[in-house]
Structure formats: structure tokens, C-alpha cells
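K.L.:
The following block contains the structure, expressed as C-alpha cells.
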Amino acid sequence: MATSLSQLQQSVYQQVERLYKTSKRDFAHWMWAHHVPWVANKTLELAQKYDADHDLVYTGALLHDLGDVRFDRDDPQFDSWSEEKATVILQKAGFDHNQIDTVIKDIISPHSCYPGNLPQTLEGQILATADALFHLQTDFFIQFCWMHIPDFESFEKWRQWVAEKLERDYHTKIFFDNERQAAKPYYLALKKVFVAQPLPNDTM
Ligand SMILES: [Fe+2]
Ligand SMILES: [Fe+2]
């Protein structure tokens, strides 16, 4: 953890780190080792560049996928538990009521950028962008392919999931032209590899 983090940021980092590290779920360990700190650090970089609130966006990033420590993504308790837990963590760190509301409603809730729930604030847009950049600029898709995540019944379904995620990440979740430009070679390369023409049936 960087030493230049504020007290608020350090408190949330330590609480979130403990939850991921003591989770019984292998996926949570993967997320802490590879995803969550990467996204949080990227939000700090982008907050500096685009003049956003560091405390709010960084803590939002640390908490944005918190449900993974306890639940599968499709579990009905995933969102409600994450929200309750994030509120407790933010209160304990010393955030006030308005800040907690902003982190949860404006930053975490819209980070997936599903239709009708797009981030409207600079901090929310930074988290969505950082999350998308992780998918595009790291070996995320190769690792998920290797680990069979998500566990679809066929490779074709998994490939379809990748195709849709790539489009949402590149076109919808990145809110800054410079960042989209930087991600472009990765997006095109991933598309070439993962959304290539399937093998002809007779060779499968
Ligand atoms: Fe997420
Ligand atoms: Fe994420």
C-alpha cells in the first residue's frame, strides 16, 4: 500500500484487504491479488489527471466488487450485502453521511454501466473507466478463459460474453477520449483473438 494515502483511504484499504484475505472464496483471493488494488490505483492516477475527489473515488474502487468476498455474482444478496458492508466500512473510516451516499449511489452502483444506470459524476466515470481499462489492458480475459469464469455450458456462450464485455468496456465504460485512445490497440487485439471466426465444424 502506498504511504501517501490519506487516513480515510488507509482505513478503508485495511478493512477491505482483511475481508478479501479472510474470504473462503478462491475467486475473492484472485480479485484481491489481481483486480481490486489495480483498479483502485488506476482511479488515483485518473483522479489526479482529471481533478476528481481522491478519497471518494479510491474508496469507491476498493469497495466496488466487495460482494465477491461472500457471494456469487448472481446471488440475490450480492448487492444488498455489499452496500451494507460498504456503509459500515466507510462509517468506521470516518466518512460522513453525504460522502457515504456519494460513494455508494454515484460511484459504486453505476460502475458496470448497464443501460439506464450510467455514472453521472466525474468520480463515478473514473471508476467505470478504471474497471474497463483493467479488462482491456491486463491479461484478464486470458486468465478468465483459463479458469473457466464465468462457467458457461459452452465455449461459444463464454465467447459471446467476452464479445459483449469488450464492447461495453471499450465503448460505454471509458468516459475519457485519451484513455479510450490508449486502450484501442488492446481492444482491437483482444477482439481479434477472442471474437475471431470459430473453427469450421468439421475440424472441431
Ligand atoms: Fe464490478
Ligand atoms: Fe471490477
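In the C-alpha cells, the first chain shown is A, the next is B, and so on; residue numbers restart at 1 for each chain, and ligands run from 1 in the order shown.
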Quick one: residues within 8 Å of ligand 2, with only C-alpha atoms and all ligand atoms, as an MDAnalysis selection string?
P.N.:
chainID A and resid 35:36 39 61 64:65 111:112 131:132
K.L.:
Apply DSSP to the structure's backbone, then extract all residues of region 4-148 of chain A labelled alpha helix (DSSP H) and return them as a ChimeraX atom specification.
P.N.:
/A:7-21,26-30,36-50,54-63,78-93,97-101,122-137,140-147
K.L.:
Write out as a PyMOL selection string each polymer residue (protein, DNA or RNA) that has an atom no more than 12 Å from ligand 1, with only C-alpha atoms and all ligand atoms counted.
P.N.:
chain A and resi 31+35-36+39+60-68+73+78-79+82+107-114+127-132+134-135+165+169+173
K.L.:
Those same residues, written as a JSON list (two decimals), in the first residue's frame with N, CA and C atoms?
P.N.:
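Result written to part-v8.json:
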```json
[["chain", "number", "residue", "atom", "x", "y", "z"],
["A", 31, "MET", "N", -9.43, -11.85, -6.96],
["A", 31, "MET", "CA", -9.82, -10.44, -7.14],
["A", 31, "MET", "C", -8.91, -9.50, -6.37],
["A", 35, "HIS", "N", -7.24, -7.74, -9.25],
["A", 35, "HIS", "CA", -8.17, -6.72, -9.76],
["A", 35, "HIS", "C", -8.34, -5.48, -8.89],
["A", 36, "VAL", "N", -8.76, -5.67, -7.64],
["A", 36, "VAL", "CA", -9.22, -4.52, -6.84],
["A", 36, "VAL", "C", -8.13, -3.46, -6.60],
["A", 39, "VAL", "N", -7.38, -1.56, -9.88],
["A", 39, "VAL", "CA", -8.41, -0.57, -10.23],
["A", 39, "VAL", "C", -8.31, 0.64, -9.30],
["A", 60, "GLY", "N", -14.30, 4.15, -3.28],
["A", 60, "GLY", "CA", -15.33, 3.51, -4.12],
["A", 60, "GLY", "C", -14.72, 2.35, -4.90],
["A", 61, "ALA", "N", -13.51, 2.55, -5.40],
["A", 61, "ALA", "CA", -12.84, 1.49, -6.17],
["A", 61, "ALA", "C", -12.53, 0.29, -5.27],
["A", 62, "LEU", "N", -12.06, 0.54, -4.06],
["A", 62, "LEU", "CA", -11.75, -0.58, -3.16],
["A", 62, "LEU", "C", -13.00, -1.40, -2.84],
["A", 63, "LEU", "N", -14.15, -0.73, -2.81],
["A", 63, "LEU", "CA", -15.39, -1.38, -2.39],
["A", 63, "LEU", "C", -16.25, -1.86, -3.56],
["A", 64, "HIS", "N", -15.84, -1.60, -4.80],
["A", 64, "HIS", "CA", -16.80, -1.73, -5.91],
["A", 64, "HIS", "C", -17.24, -3.16, -6.23],
["A", 65, "ASP", "N", -16.43, -4.15, -5.89],
["A", 65, "ASP", "CA", -16.82, -5.54, -6.16],
["A", 65, "ASP", "C", -16.86, -6.35, -4.86],
["A", 66, "LEU", "N", -17.12, -5.67, -3.75],
["A", 66, "LEU", "CA", -16.97, -6.28, -2.42],
["A", 66, "LEU", "C", -17.77, -7.58, -2.22],
["A", 67, "GLY", "N", -18.94, -7.67, -2.84],
["A", 67, "GLY", "CA", -19.79, -8.85, -2.68],
["A", 67, "GLY", "C", -19.06, -10.15, -2.99],
["A", 68, "ASP", "N", -18.00, -10.07, -3.81],
["A", 68, "ASP", "CA", -17.25, -11.28, -4.17],
["A", 68, "ASP", "C", -16.66, -11.99, -2.95],
["A", 73, "ARG", "N", -21.76, -13.85, -8.12],
["A", 73, "ARG", "CA", -22.27, -12.61, -8.73],
["A", 73, "ARG", "C", -23.79, -12.61, -8.91],
["A", 78, "PHE", "N", -26.05, -10.33, -3.21],
["A", 78, "PHE", "CA", -24.77, -9.73, -3.58],
["A", 78, "PHE", "C", -24.77, -8.21, -3.38],
["A", 79, "ASP", "N", -25.74, -7.53, -3.99],
["A", 79, "ASP", "CA", -25.74, -6.06, -3.94],
["A", 79, "ASP", "C", -26.12, -5.50, -2.57],
["A", 82, "SER", "N", -23.28, -6.06, -0.11],
["A", 82, "SER", "CA", -22.14, -5.19, -0.44],
["A", 82, "SER", "C", -22.40, -3.77, 0.05],
["A", 107, "ILE", "N", -20.93, 6.33, -7.27],
["A", 107, "ILE", "CA", -19.67, 5.77, -7.75],
["A", 107, "ILE", "C", -19.76, 4.25, -7.93],
["A", 108, "ILE", "N", -20.15, 3.54, -6.84],
["A", 108, "ILE", "CA", -20.16, 2.07, -6.93],
["A", 108, "ILE", "C", -21.34, 1.56, -7.76],
["A", 109, "SER", "N", -22.53, 2.02, -7.44],
["A", 109, "SER", "CA", -23.74, 1.46, -8.07],
["A", 109, "SER", "C", -23.71, 1.48, -9.61],
["A", 110, "PRO", "N", -23.29, 2.56, -10.25],
["A", 110, "PRO", "CA", -23.32, 2.55, -11.73],
["A", 110, "PRO", "C", -22.04, 2.05, -12.41],
["A", 111, "HIS", "N", -21.12, 1.41, -11.64],
["A", 111, "HIS", "CA", -19.80, 1.16, -12.24],
["A", 111, "HIS", "C", -19.83, 0.16, -13.39],
["A", 112, "SER", "N", -20.87, -0.69, -13.44],
["A", 112, "SER", "CA", -20.91, -1.67, -14.54],
["A", 112, "SER", "C", -21.49, -1.07, -15.83],
["A", 113, "CYS", "N", -22.09, 0.12, -15.72],
["A", 113, "CYS", "CA", -22.61, 0.83, -16.89],
["A", 113, "CYS", "C", -23.65, 0.04, -17.67],
["A", 114, "TYR", "N", -24.55, -0.61, -16.95],
["A", 114, "TYR", "CA", -25.65, -1.27, -17.64],
["A", 114, "TYR", "C", -26.64, -0.20, -18.09],
["A", 127, "LEU", "N", -14.20, 5.58, -11.95],
["A", 127, "LEU", "CA", -14.21, 4.17, -11.54],
["A", 127, "LEU", "C", -14.60, 3.26, -12.72],
["A", 128, "ALA", "N", -15.64, 3.62, -13.44],
["A", 128, "ALA", "CA", -16.06, 2.79, -14.58],
["A", 128, "ALA", "C", -14.92, 2.68, -15.59],
["A", 129, "THR", "N", -14.23, 3.77, -15.83],
["A", 129, "THR", "CA", -13.12, 3.78, -16.79],
["A", 129, "THR", "C", -11.99, 2.87, -16.30],
["A", 130, "ALA", "N", -11.62, 3.00, -15.02],
["A", 130, "ALA", "CA", -10.53, 2.19, -14.48],
["A", 130, "ALA", "C", -10.87, 0.70, -14.54],
["A", 131, "ASP", "N", -12.14, 0.37, -14.24],
["A", 131, "ASP", "CA", -12.59, -1.02, -14.29],
["A", 131, "ASP", "C", -12.46, -1.57, -15.72],
["A", 132, "ALA", "N", -12.87, -0.76, -16.68],
["A", 132, "ALA", "CA", -12.79, -1.18, -18.09],
["A", 132, "ALA", "C", -11.33, -1.32, -18.53],
["A", 134, "PHE", "N", -8.82, -2.14, -16.78],
["A", 134, "PHE", "CA", -8.27, -3.39, -16.24],
["A", 134, "PHE", "C", -8.58, -4.55, -17.19],
["A", 135, "HIS", "N", -9.85, -4.62, -17.62],
["A", 135, "HIS", "CA", -10.24, -5.73, -18.50],
["A", 135, "HIS", "C", -9.46, -5.69, -19.82],
["A", 165, "LYS", "N", -18.75, -7.99, -23.40],
["A", 165, "LYS", "CA", -18.00, -7.26, -22.37],
["A", 165, "LYS", "C", -16.97, -6.33, -23.02],
["A", 169, "ASP", "N", -16.98, -2.43, -22.34],
["A", 169, "ASP", "CA", -15.79, -1.81, -21.74],
["A", 169, "ASP", "C", -15.27, -0.68, -22.63],
["A", 173, "LYS", "N", -17.93, 2.07, -21.04],
["A", 173, "LYS", "CA", -17.39, 2.30, -19.69],
["A", 173, "LYS", "C", -16.22, 3.29, -19.65]]
```
K.L.:
Restricting the calculation to only C-alpha atoms: of A:Pro115, A:Trp32, A:Asp139, A:Lys191, which residue gets closest to Arg18 (chain A)?
P.N.:
A:Trp32
K.L.:
To one decimal place in Å, what is the distance between CA of Pro198 (chain A) and CA of Arg168 (chain A)?
P.N.:
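Calculated distance between CA of Pro198 (chain A) and CA of Arg168 (chain A) is 21.7 Å.
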K.L.:
Here is a test: counting only C-alpha atoms, which residue of A:Cys145, A:Val193, A:Leu90, A:Ile174 is nearest to Gln7 (chain A)?
P.N.:
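Counting only C-alpha atoms, the residue closest to Gln7 (chain A) is A:Leu90.
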K.L.:
Find the residues near Gln10 (chain A): any atom within 12 Å, counting only C-alpha atoms, skip ones fewer than 5 places away on the same chain, and give them as a PyMOL selection string.
P.N.:
chain A and resi 1-5+15-17+40+55+58-59+62+89-90+92-94
K.L.:
Find the residues near Lys184 (chain A): any atom within 10 Å, counting only C-alpha atoms, skip ones fewer than 5 places away on the same chain, and give them as number ranges by chain.
P.N.:
A: 136-137, 170, 178-179, 189-190
K.L.:
Restricting the calculation to only C-alpha atoms, which member of A:Asp151, A:Glu45, A:Glu164, A:Asp177 is positioned closest to Phe194 (chain A)?
P.N.:
A:Glu164
